[in-house]
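J.: Contents of upload18.cif (mmCIF, C-alpha atoms) are given next:
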```cif
data_target
loop_
_atom_site.label_atom_id
_atom_site.label_comp_id
_atom_site.auth_asym_id
_atom_site.auth_seq_id
_atom_site.Cartn_x
_atom_site.Cartn_y
_atom_site.Cartn_z
CA MET A 194 0.00 0.00 0.00
CA LYS A 195 1.20 3.50 -0.77
CA ILE A 196 0.25 6.65 0.99
CA SER A 197 0.85 10.19 -0.11
CA SER A 198 3.80 12.06 1.32
CA MET A 199 1.53 14.47 3.18
CA ALA A 200 -0.56 11.71 4.69
CA ARG A 201 2.62 9.84 5.54
CA SER A 202 3.99 12.87 7.29
CA ILE A 203 0.80 13.35 9.29
CA LEU A 204 0.47 9.69 10.15
CA SER A 205 4.12 9.36 11.06
CA ARG A 206 3.65 11.99 13.72
CA PHE A 207 1.11 9.80 15.38
CA GLN A 208 2.50 6.40 14.52
CA SER A 209 6.13 7.03 15.30
CA ARG A 210 7.56 3.99 16.97
CA ASP A 211 11.26 3.95 17.63
CA THR A 212 11.73 0.22 17.66
CA SER A 213 15.38 0.61 18.46
CA MET A 214 14.59 2.05 21.87
CA LYS A 215 14.74 -0.37 24.74
CA ILE A 216 14.11 0.66 28.29
CA HIS A 217 15.71 -1.34 31.09
CA GLY A 218 14.81 0.17 34.45
CA ASN A 219 15.70 3.82 34.27
CA SER A 220 18.47 3.59 31.72
CA TYR A 221 17.90 3.89 28.04
CA LYS A 222 20.12 1.98 25.69
CA ARG A 223 19.76 4.47 22.92
CA GLU A 224 18.97 8.10 22.83
CA LEU A 225 15.94 9.26 20.98
CA MET A 226 16.03 12.22 18.71
CA GLY A 227 16.18 15.67 20.34
CA HIS A 228 15.40 15.95 24.02
CA SER A 229 13.04 13.00 24.21
CA THR A 230 15.31 10.92 26.43
CA VAL A 231 15.45 13.65 29.03
CA GLU A 232 11.72 14.06 28.89
CA LEU A 233 11.08 10.35 29.12
CA GLN A 234 13.29 10.25 32.18
CA MET A 235 11.33 13.20 33.55
CA HIS A 236 8.11 11.27 33.00
CA GLN A 237 9.41 8.40 35.05
CA ASP A 238 10.76 10.67 37.79
CA LEU A 239 7.47 12.56 38.05
CA GLU A 240 5.53 9.32 38.24
CA GLU A 241 7.82 8.07 41.01
CA SER A 242 7.41 11.32 42.93
CA PHE A 243 3.63 11.05 42.60
CA LYS A 244 3.68 7.48 43.90
CA SER A 245 5.70 8.62 46.91
CA LEU A 246 3.13 11.24 47.92
CA GLY A 247 1.32 8.85 50.19
CA PRO A 248 -1.18 6.01 50.09
CA GLU A 249 -4.15 8.39 50.16
CA PHE A 250 -3.51 9.59 46.62
CA ARG A 251 -3.30 6.14 45.13
CA GLY A 252 -6.23 4.96 47.25
CA VAL A 253 -8.50 7.64 45.78
CA ILE A 254 -7.50 6.66 42.26
CA GLU A 255 -8.02 2.95 42.90
CA ASN A 256 -11.43 3.52 44.47
CA ALA A 257 -12.52 5.94 41.76
CA ALA A 258 -11.58 3.41 39.10
CA LYS A 259 -14.25 1.09 40.49
CA SER A 260 -17.03 3.52 39.61
CA CYS A 261 -15.57 5.75 36.88
CA ARG A 262 -14.45 4.67 33.42
CA VAL A 263 -13.17 8.03 32.23
CA ALA A 264 -10.39 10.04 33.84
CA VAL A 265 -9.61 13.68 33.11
CA ASP A 266 -6.10 14.96 33.74
CA ILE A 267 -6.26 18.74 34.02
CA GLY A 268 -2.98 20.46 33.30
CA ALA A 269 -1.62 17.26 31.84
CA GLY A 270 1.62 18.75 30.56
CA THR A 271 3.50 16.10 28.66
CA GLY A 272 1.18 13.41 29.94
CA TRP A 273 3.14 11.47 32.55
CA LEU A 274 0.16 11.37 34.92
CA SER A 275 -2.23 10.52 32.07
CA LYS A 276 -0.05 7.54 31.31
CA PHE A 277 -0.19 6.50 34.98
CA LEU A 278 -3.98 6.90 35.04
CA SER A 279 -4.33 4.86 31.87
CA ASN A 280 -3.55 1.77 33.97
CA TYR A 281 -6.74 2.35 35.94
CA PHE A 282 -9.30 3.89 33.57
CA THR A 283 -10.76 2.94 30.21
CA THR A 284 -10.24 6.38 28.72
CA VAL A 285 -8.00 9.23 29.79
CA LEU A 286 -8.65 12.77 28.59
CA SER A 287 -5.56 14.94 28.92
CA VAL A 288 -6.30 18.65 29.06
CA GLU A 289 -3.38 21.00 28.58
CA PRO A 290 -3.48 24.70 27.64
CA SER A 291 0.06 24.80 26.27
CA SER A 292 0.20 23.72 22.64
CA ASP A 293 3.92 22.95 23.05
CA GLY A 294 3.06 20.63 25.91
CA VAL A 295 0.44 18.89 23.79
CA VAL A 296 2.81 18.41 20.85
CA LEU A 297 5.55 17.05 23.08
CA GLY A 298 3.13 14.87 25.04
CA LYS A 299 1.72 13.36 21.86
CA LYS A 300 5.24 12.67 20.66
CA LEU A 301 6.35 11.10 23.91
CA LEU A 302 3.25 9.03 24.42
CA THR A 303 3.63 7.31 21.10
CA GLN A 304 7.07 6.00 22.02
CA LYS A 305 7.39 2.31 22.42
CA ASP A 306 7.03 1.09 26.02
CA ILE A 307 5.25 4.20 27.26
CA ALA A 308 2.70 4.46 24.47
CA LEU A 309 -0.63 5.76 25.70
CA THR A 310 -3.19 3.77 23.78
CA ASN A 311 -6.34 4.84 25.60
CA GLY A 312 -5.91 8.58 25.87
CA ILE A 313 -6.59 11.72 23.94
CA TYR A 314 -5.33 15.29 24.26
CA PHE A 315 -7.33 18.50 24.40
CA ASN A 316 -5.38 21.69 23.85
CA LEU A 317 -7.58 23.72 26.22
CA LYS A 318 -7.64 25.43 29.57
CA GLY A 319 -9.47 23.48 32.27
CA GLU A 320 -12.34 25.97 32.42
CA ASP A 321 -12.75 25.88 28.63
CA PHE A 322 -12.76 22.10 28.65
CA PHE A 323 -15.49 21.90 31.29
CA SER A 324 -17.56 24.53 29.51
CA LYS A 325 -17.45 22.45 26.30
CA CYS A 326 -18.11 19.04 27.78
CA THR A 327 -20.80 17.53 30.00
CA PHE A 328 -20.30 14.09 31.48
CA LEU A 329 -23.25 11.74 31.71
CA HIS A 330 -21.56 9.21 33.98
CA PRO A 331 -19.40 9.49 37.08
CA THR A 332 -15.96 10.64 36.04
CA PHE A 333 -12.61 10.95 37.76
CA VAL A 334 -10.79 14.28 37.53
CA ILE A 335 -7.35 15.15 38.83
CA PHE A 336 -5.76 18.54 39.31
CA GLN A 337 -2.06 17.96 39.64
CA THR A 338 -0.67 21.16 41.22
CA VAL A 339 -2.54 23.35 38.79
CA LEU A 340 -4.91 25.36 40.96
CA SER A 341 -2.13 26.32 43.36
CA HIS A 342 -0.79 28.54 40.61
CA LEU A 343 -4.08 30.27 39.85
CA PRO A 344 -5.80 33.17 41.62
CA ASN A 345 -9.01 32.64 43.59
CA GLU A 346 -11.38 33.98 40.93
CA GLN A 347 -10.06 31.64 38.28
CA VAL A 348 -10.11 28.63 40.60
CA THR A 349 -13.69 29.44 41.58
CA GLU A 350 -14.64 29.54 37.90
CA VAL A 351 -12.96 26.18 37.26
CA LEU A 352 -14.75 24.64 40.26
CA ASN A 353 -18.13 26.03 39.21
CA LEU A 354 -17.75 24.77 35.65
CA SER A 355 -16.53 21.34 36.75
CA ASN A 356 -19.46 21.13 39.14
CA THR A 357 -21.86 21.80 36.27
CA SER A 358 -20.09 19.38 33.96
CA LEU A 359 -19.77 16.41 36.33
CA PRO A 360 -22.62 14.20 37.59
CA CYS A 361 -23.15 12.77 41.07
CA GLY A 362 -20.65 10.11 42.01
CA SER A 363 -17.79 11.87 40.24
CA VAL A 364 -14.49 12.10 42.06
CA ILE A 365 -11.93 14.88 42.01
CA LEU A 366 -8.44 14.39 43.37
CA PHE A 367 -6.70 17.64 44.18
CA SER A 368 -2.98 17.15 44.31
CA GLU A 369 -2.87 20.75 45.50
CA VAL A 370 -1.69 22.50 48.63
CA TYR A 371 -3.98 23.60 51.42
CA GLY A 372 -3.32 25.06 54.82
CA ASP A 373 -4.55 27.12 57.70
CA GLU A 374 -2.95 30.27 56.43
CA HIS A 375 -4.21 31.82 53.25
CA SER A 376 -0.93 32.56 51.56
CA GLU A 377 -0.46 34.04 48.12
CA VAL A 378 3.29 34.42 48.21
CA MET A 379 4.91 31.63 46.25
CA TRP A 380 1.69 29.99 45.36
CA PHE A 381 -1.89 30.12 46.47
CA VAL A 382 -2.57 28.26 49.71
CA ARG A 383 -6.25 28.12 50.60
CA ASN A 384 -7.69 26.75 53.79
CA GLN A 385 -10.23 23.96 54.17
CA LEU A 386 -13.08 26.38 54.76
CA TRP A 387 -12.34 28.14 51.47
CA TRP A 388 -12.47 24.91 49.51
CA LYS A 389 -15.62 23.68 51.29
CA SER A 390 -17.43 26.95 50.67
CA ARG A 391 -16.67 26.69 46.93
CA MET A 392 -17.79 23.09 46.68
CA PRO A 393 -21.07 22.77 48.62
CA GLU A 394 -22.25 19.80 46.55
CA TRP A 395 -19.14 17.77 47.26
CA ASN A 396 -17.84 15.79 50.23
CA LEU A 397 -14.26 16.79 50.81
CA GLU A 398 -11.62 14.74 52.56
CA PHE A 399 -8.30 16.37 53.34
CA PHE A 400 -5.12 14.30 53.54
CA PRO A 401 -2.72 14.91 56.41
CA PHE A 402 0.24 14.86 54.04
CA SER A 403 2.84 17.51 54.77
CA PRO A 404 5.57 17.66 52.13
CA ASP A 405 8.30 18.98 54.37
CA GLY A 406 6.91 19.53 57.81
CA ARG A 407 5.49 22.98 57.10
CA LYS A 408 2.02 24.20 57.91
CA GLU A 409 1.05 23.52 54.33
CA PHE A 410 -0.47 20.20 53.46
CA LYS A 411 -0.98 18.55 50.15
CA GLY A 412 -3.84 16.63 48.69
CA PHE A 413 -7.56 16.27 49.17
CA SER A 414 -10.34 14.50 47.42
CA ALA A 415 -13.95 15.35 46.65
CA ILE A 416 -16.93 13.19 45.81
CA LYS A 417 -20.02 14.78 44.32
CA VAL A 418 -23.00 13.87 46.45
CA ARG A 419 -25.70 16.27 45.25
CA MET B 35 -7.79 -13.56 6.20
CA THR B 36 -8.70 -10.42 4.35
CA THR B 37 -10.39 -7.43 5.82
CA THR B 38 -11.99 -4.31 4.45
CA LEU B 39 -12.21 -1.26 6.65
CA VAL B 40 -15.27 0.83 5.92
CA LEU B 41 -15.11 4.33 7.29
CA ARG B 42 -18.60 5.71 7.23
CA SER B 43 -19.16 9.44 6.98
CA ALA B 44 -21.96 11.86 6.25
CA ILE B 45 -20.25 15.13 5.64
CA ASN B 46 -22.91 17.25 4.02
CA VAL B 47 -26.14 17.18 5.98
CA LYS B 48 -27.02 20.80 5.32
CA LYS B 49 -29.27 19.93 2.40
CA TYR B 50 -31.25 17.45 4.51
CA ARG B 51 -31.76 19.63 7.53
CA SER B 52 -35.45 20.31 6.84
CA LYS B 53 -36.18 16.57 6.58
CA LEU B 54 -34.32 15.41 9.64
CA ARG B 55 -36.27 14.63 12.77
CA SER B 56 -33.52 15.59 15.18
CA PRO B 57 -30.99 18.41 15.21
CA VAL B 58 -27.73 17.69 13.42
CA THR B 59 -24.23 19.02 13.82
CA PRO B 60 -23.40 21.76 11.30
CA ASN B 61 -21.11 20.80 8.41
CA SER B 62 -18.14 22.80 9.70
CA GLU B 63 -18.28 21.10 13.09
CA ARG B 64 -18.65 17.71 11.43
CA GLU B 65 -15.54 18.25 9.34
CA MET B 66 -13.60 19.05 12.49
CA GLU B 67 -14.96 15.95 14.21
CA TYR B 68 -14.07 13.73 11.26
CA ALA B 69 -10.58 15.20 11.03
CA GLN B 70 -9.90 14.53 14.69
CA GLY B 71 -11.49 11.10 14.52
CA ILE B 72 -9.57 9.98 11.43
CA VAL B 73 -6.20 11.13 12.77
CA LYS B 74 -6.87 9.50 16.12
CA PHE B 75 -8.04 6.28 14.50
CA PHE B 76 -4.93 5.87 12.38
CA SER B 77 -2.72 6.81 15.29
CA LEU B 78 -4.01 3.77 17.18
CA VAL B 79 -4.76 1.33 14.39
CA ASN B 80 -2.20 0.54 11.71
CA TYR B 81 -3.80 1.19 8.32
CA GLN B 82 -1.67 -1.59 6.87
CA SER B 83 -3.61 -4.13 8.93
CA PHE B 84 -6.43 -3.77 6.42
CA ASP B 85 -6.37 -5.13 2.90
CA PHE B 86 -8.74 -2.47 1.66
CA ILE B 87 -9.87 0.81 3.11
CA LEU B 88 -13.04 2.49 1.90
CA LEU B 89 -14.42 5.79 3.04
CA VAL B 90 -18.02 5.96 1.99
CA ASP B 91 -20.09 9.10 2.28
CA ASN B 92 -23.77 8.95 1.42
CA THR B 93 -24.34 12.71 1.44
CA ILE B 94 -22.24 13.65 -1.58
CA SER B 95 -22.50 12.67 -5.23
CA SER B 96 -18.89 13.26 -6.25
CA ILE B 97 -15.64 12.55 -4.44
CA HIS B 98 -14.58 16.08 -5.41
CA ASP B 99 -17.15 17.28 -2.91
CA TYR B 100 -15.27 15.58 -0.14
CA PRO B 101 -13.27 18.16 1.85
CA GLN B 102 -9.67 18.40 0.72
CA GLU B 103 -8.47 18.67 4.32
CA LEU B 104 -9.96 15.29 5.14
CA ARG B 105 -8.63 13.66 2.00
CA LYS B 106 -5.12 14.73 3.00
CA ILE B 107 -5.18 12.79 6.24
CA LEU B 108 -6.45 9.54 4.77
CA PRO B 109 -4.01 6.86 3.61
CA GLU B 110 -3.54 7.07 -0.15
CA SER B 111 -4.81 3.53 -0.47
CA CYS B 112 -8.16 4.61 0.91
CA GLU B 113 -10.81 4.71 -1.76
CA ILE B 114 -13.35 7.46 -1.26
CA ILE B 115 -16.80 6.57 -2.45
CA ALA B 116 -19.52 9.16 -2.90
CA SER B 117 -22.60 6.98 -2.80
CA ASN B 118 -25.23 9.69 -2.44
CA SER B 119 -27.42 6.85 -1.18
CA ASN B 120 -29.54 8.72 1.26
CA LYS B 121 -33.13 8.17 0.23
CA PHE B 122 -34.02 6.71 3.64
CA GLY B 123 -30.98 7.89 5.56
CA LYS B 124 -32.20 11.45 5.66
CA TYR B 125 -35.07 10.24 7.84
CA ASN B 126 -33.33 7.48 9.77
CA LYS B 127 -29.57 7.23 10.17
CA GLY B 128 -29.59 3.44 10.48
CA ALA B 129 -31.56 3.12 7.29
CA GLY B 130 -28.90 5.27 5.64
CA ASP B 131 -26.20 2.89 6.84
CA ILE B 132 -27.96 -0.12 5.36
CA GLU B 133 -28.74 1.74 2.17
CA THR B 134 -25.07 2.61 1.85
CA TYR B 135 -23.93 -0.98 2.40
CA ARG B 136 -26.40 -2.15 -0.21
CA TYR B 137 -24.79 0.36 -2.56
CA LEU B 138 -21.34 -1.07 -1.78
CA PHE B 139 -22.43 -4.69 -2.13
CA GLY B 140 -24.25 -3.89 -5.35
CA ARG B 141 -20.98 -2.65 -6.84
CA ASP B 142 -18.80 -5.43 -5.40
CA LYS B 143 -16.82 -2.96 -3.34
CA ILE B 144 -16.44 -5.41 -0.46
CA THR B 145 -14.99 -8.77 -1.44
CA THR B 146 -13.06 -9.70 1.68
CA LYS B 147 -14.07 -12.25 4.30
CA TYR B 148 -14.42 -9.63 7.04
CA THR B 149 -15.72 -6.08 7.15
CA VAL B 150 -14.73 -3.67 9.89
CA HIS B 151 -17.11 -0.74 10.16
CA PHE B 152 -16.05 2.45 11.92
CA GLU B 153 -17.59 5.89 12.11
CA PRO B 154 -14.72 8.31 12.38
CA ARG B 155 -16.80 10.95 14.08
CA LEU B 156 -16.08 8.87 17.15
CA GLN B 157 -12.78 9.43 18.89
CA LEU B 158 -11.20 6.04 19.27
CA SER B 159 -9.59 6.02 22.69
CA ASN B 160 -8.61 2.38 22.95
CA SER B 161 -7.52 0.00 20.22
CA GLN B 162 -7.79 -3.25 22.19
CA ILE B 163 -10.82 -4.49 20.28
CA PHE B 164 -8.98 -4.04 16.97
CA GLU B 165 -5.94 -5.87 18.33
CA ARG B 166 -8.20 -8.66 19.50
CA PHE B 167 -9.85 -8.88 16.09
CA PHE B 168 -6.57 -9.04 14.20
CA LYS B 169 -5.22 -11.65 16.60
CA SER B 170 -8.27 -13.83 16.24
CA PRO B 171 -10.59 -12.68 13.44
CA MET B 172 -14.25 -13.24 14.14
CA SER B 173 -17.53 -11.35 14.17
CA LEU B 174 -17.49 -9.11 17.20
CA LEU B 175 -20.01 -6.54 18.38
CA SER B 176 -20.45 -4.44 21.48
CA LEU B 177 -23.63 -3.85 23.47
CA SER B 178 -24.77 -0.26 23.89
CA MET B 179 -24.85 1.34 27.31
CA ASP B 180 -28.65 1.05 27.63
CA ARG B 181 -28.36 -2.58 26.51
CA ALA B 182 -31.13 -2.00 23.98
CA GLY B 183 -28.92 -2.38 20.96
CA ILE B 184 -25.50 -2.78 19.43
CA GLN B 185 -22.90 -0.02 19.27
CA THR B 186 -23.07 0.61 15.55
CA GLY B 187 -20.23 3.11 15.54
CA TYR B 188 -17.84 0.17 15.26
CA MET B 189 -18.58 -3.38 14.18
CA PHE B 190 -16.53 -6.39 13.16
CA LEU B 191 -18.51 -8.75 10.98
CA GLU B 192 -18.09 -11.52 8.51
CA THR B 193 -19.01 -9.85 5.26
CA SER B 194 -21.52 -12.58 4.47
CA GLN B 195 -23.34 -11.82 7.73
CA LEU B 196 -23.35 -8.09 7.06
CA ARG B 197 -24.68 -8.73 3.58
CA LYS B 198 -27.41 -10.93 5.02
CA PHE B 199 -28.34 -8.32 7.61
CA CYS B 200 -28.62 -5.63 4.96
CA SER B 201 -30.73 -7.77 2.70
CA LEU B 202 -33.16 -8.65 5.50
CA ALA B 203 -33.74 -5.10 6.71
CA ARG B 204 -36.86 -3.28 5.59
CA LEU B 205 -35.83 0.33 5.25
CA ILE B 206 -39.31 1.75 4.91
CA SER B 207 -40.24 0.02 8.14
CA LEU B 208 -37.22 1.47 9.91
CA VAL B 209 -38.31 4.95 8.87
CA ILE B 210 -42.06 4.69 9.46
CA LYS B 211 -41.85 2.82 12.75
CA ARG B 212 -38.84 4.85 13.86
CA GLN B 213 -36.90 1.69 14.57
CA SER B 214 -33.21 1.73 15.29
CA ILE B 215 -30.52 -0.15 13.46
CA GLU B 216 -28.90 -0.78 16.86
CA ASN B 217 -31.87 -2.83 18.00
CA HIS B 218 -32.17 -4.66 14.67
CA MET B 219 -28.51 -5.55 14.75
CA LEU B 220 -28.82 -6.88 18.29
CA ARG B 221 -31.64 -9.22 17.30
CA PHE B 222 -29.72 -10.32 14.22
CA ALA B 223 -26.57 -10.94 16.26
CA LYS B 224 -28.45 -13.10 18.75
CA THR B 225 -29.94 -15.15 15.92
CA LYS B 226 -26.52 -15.66 14.36
CA LYS B 227 -24.85 -16.25 17.73
CA ILE B 228 -22.36 -13.46 17.11
CA GLN B 229 -20.19 -12.63 20.10
CA ILE B 230 -21.37 -9.47 21.85
CA LEU B 231 -19.15 -7.65 24.34
CA GLU B 232 -20.88 -6.12 27.35
CA GLY B 233 -19.72 -3.04 29.20
CA TYR B 234 -17.02 -2.42 26.64
CA TYR B 235 -16.30 1.12 25.48
CA CYS B 236 -13.44 2.10 23.22
CA SER B 237 -14.51 5.44 21.83
CA PHE B 238 -16.38 8.55 22.70
CA ARG B 239 -17.83 11.65 21.16
CA ILE B 240 -18.53 15.07 22.59
CA ASP B 241 -21.77 16.12 20.95
CA PRO B 242 -21.24 19.69 19.75
CA LEU B 243 -24.94 20.44 20.23
CA THR B 244 -25.51 19.09 23.73
CA ARG B 245 -21.86 19.10 24.88
CA ASN B 246 -22.48 15.65 26.32
CA LEU B 247 -19.58 13.25 26.36
CA ILE B 248 -21.00 9.95 25.21
CA GLU B 249 -19.03 6.74 25.37
CA TYR B 250 -19.36 4.08 22.73
#
```
As structure tokens, please, write out the structure in this file.
T.:
Amino acid sequence: MKISSMARSILSRFQSRDTSMKIHGNSYKRELMGHSTVELQMHQDLEESFKSLGPEFRGVIENAAKSCRVAVDIGAGTGWLSKFLSNYFTTVLSVEPSSDGVVLGKKLLTQKDIALTNGIYFNLKGEDFFSKCTFLHPTFVIFQTVLSHLPNEQVTEVLNLSNTSLPCGSVILFSEVYGDEHSEVMWFVRNQLWWKSRMPEWNLEFFPFSPDGRKEFKGFSAIKVR
Amino acid sequence: MTTTLVLRSAINVKKYRSKLRSPVTPNSEREMEYAQGIVKFFSLVNYQSFDFILLVDNTISSIHDYPQELRKILPESCEIIASNSNKFGKYNKGAGDIETYRYLFGRDKITTKYTVHFEPRLQLSNSQIFERFFKSPMSLLSLSMDRAGIQTGYMFLETSQLRKFCSLARLISLVIKRQSIENHMLRFAKTKKIQILEGYYCSFRIDPLTRNLIEY
């Protein structure tokens, strides 16, 4: 079979498989073109750091996978967490506002051994994604240190839109900081009351995970009950 | 084992809008959906796994009416067929599907043992069912979420069975009684003892009109 050069070029972007690449543990026998090796290593390192956050994070994902088929990774970047989630959910929707991130993620996630075969990218902001899409069945959503970088008004908008978009039984995992003090210095730290007041239709559970012994904690989950 | 992939599209529904019973996605949105669906499909499924690839559109009368942008992303080996076979399809989508297959069979366009049907408006998110089919070719269907019918967005069928199904269907009845092809196919599959997967979803679509994400 022959395909035109243009079609070949388009298809090759999505079908690229470097069969020469072999991954043994964390070392790669051959380098991929460009910076891919570094980024693949980064994928693995980020996944390891996520796994080390604490059992609560993984527990929420494992439980959510029993009732949700679709996972949404907001602020997916190059897709390392989407790849991790793909082990648990039938379909993973990766939402990333940076077009560079999407291009790189698509490239990385077609590589042999880390190919993401049940995911799809949306080059959108989280709020735009939720305003374009309504879920009919319980869905799992994760914010991986995304909202901590956004001001209150924008986070409130994202929460309102996600609330409208998601049905009862949906689960959100916030891998985000929270704390008693409302800090806006390095990043936005909101207290439990702030989060609860913005999510009245959700049951929130805050994890006692403290990254480095500070008064900031990381991680909480929400289940939509109304 | 030889397999024909039939990509089913309906790109130009504008002219039928007054006759349709339910709202349809505008042409521009449809083109975007097809483009995304086709690229995604061929990113997950190797086009070389198929012996023949047909893209059949029953809403145009000439392949020159098929959008250039979509033609660019199809494998060169894909034959585009403008069947314009939409006498019943404009009233009932399932009837249009059967009408279109009758058109293809009438012109000997499908000669392989198996036919794989896929509607590229769906975003394929998981290629496992295709891998399973190629590993062990057999007729394979998937039950819809409400269990009332078959997911007709993707089907794996022995061509002889598909031909039989199309010949048995009464299109006028589908239209007048507002019957669904999904339900007809389910009854046919049970009669023929075709394997039906339950609770299996490998694709989805975000309806541009309702914004609902629907899994198939």
J.: To test your reading of the syntax: which residues would the PyMOL selection byres ((chain B) within 10 of (chain A)) return for the file shown? Reply as a PyMOL selection string.
T.: chain B and resi 73-82+84-86+105-112+157-162+234-249
J.: I need the residue set behind the PyMOL selection byres ((chain A and resi 268) around 10) for this file; please write it as a PyMOL selection string.
T.: chain A and resi 265-267+269-272+274+287-291+294+316-319+335-340
J.: On this structure, which residues satisfy the PyMOL selection byres ((chain A and resi 365) around 9), written as JSON, numbers by chain?
T.: {"A": [253, 257, 332, 333, 334, 335, 336, 363, 364, 366, 367, 413, 414, 415, 416, 417]}
J.: Here is a test: counting only C-alpha atoms, which residue of B:Leu88, B:Ala116, B:Ala129, B:Ile144 is nearest to Glu216 (chain B)?
T.: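 Checking each of B:Leu88, B:Ala116, B:Ala129, B:Ile144 against Glu216 (chain B), counting only C-alpha atoms, the winner is B:Ala129.
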J.: Quick one: of B:Asn120, B:Gln229, B:Ser201, B:Thr193, who's nearest to Leu174 (chain B), counting all atoms listed in the file?
T.: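 Nearest candidate to Leu174 (chain B) out of B:Asn120, B:Gln229, B:Ser201, B:Thr193: B:Gln229.
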J.: Have a look at CA of Glu113 (chain B) and CA of Lys143 (chain B) and let me know their distance in Å, one decimal.
T.: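 About the pair CA of Glu113 (chain B) and CA of Lys143 (chain B): they are 9.9 Å apart.
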J.: What's the 8 Å shell around region 385-400 of chain A, counting only C-alpha atoms, without same-chain residues fewer than 5 positions away, as a list in words?
T.: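 The residues that qualify are Glu249, Thr349, Leu352, Asn353, Asn356, Tyr371, Gly372, Asp373, Phe410, Lys411, Gly412, Phe413, Ser414, Ala415, Ile416, Lys417, Val418 and Arg419 of chain A.
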J.: Rounded to one decimal place, report the CA of Ile87 (chain B)-CA of Ser176 (chain B) distance in Å.
T.: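 It comes out at 21.8 Å.
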J.: Could you pull the residues within 12 Å of Lys226 (chain B), counting all atoms listed in the file, minus those fewer than 2 positions along the same chain, as number ranges by chain?
T.: B: 173-175, 191-192, 194-196, 198-199, 219-224, 228-230
J.: Report, in Å to a single decimal, how far apart CA of Arg155 (chain B) and CA of Glu67 (chain B) are.
T.: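 Rounded to one decimal, the two atoms are 5.3 Å apart.
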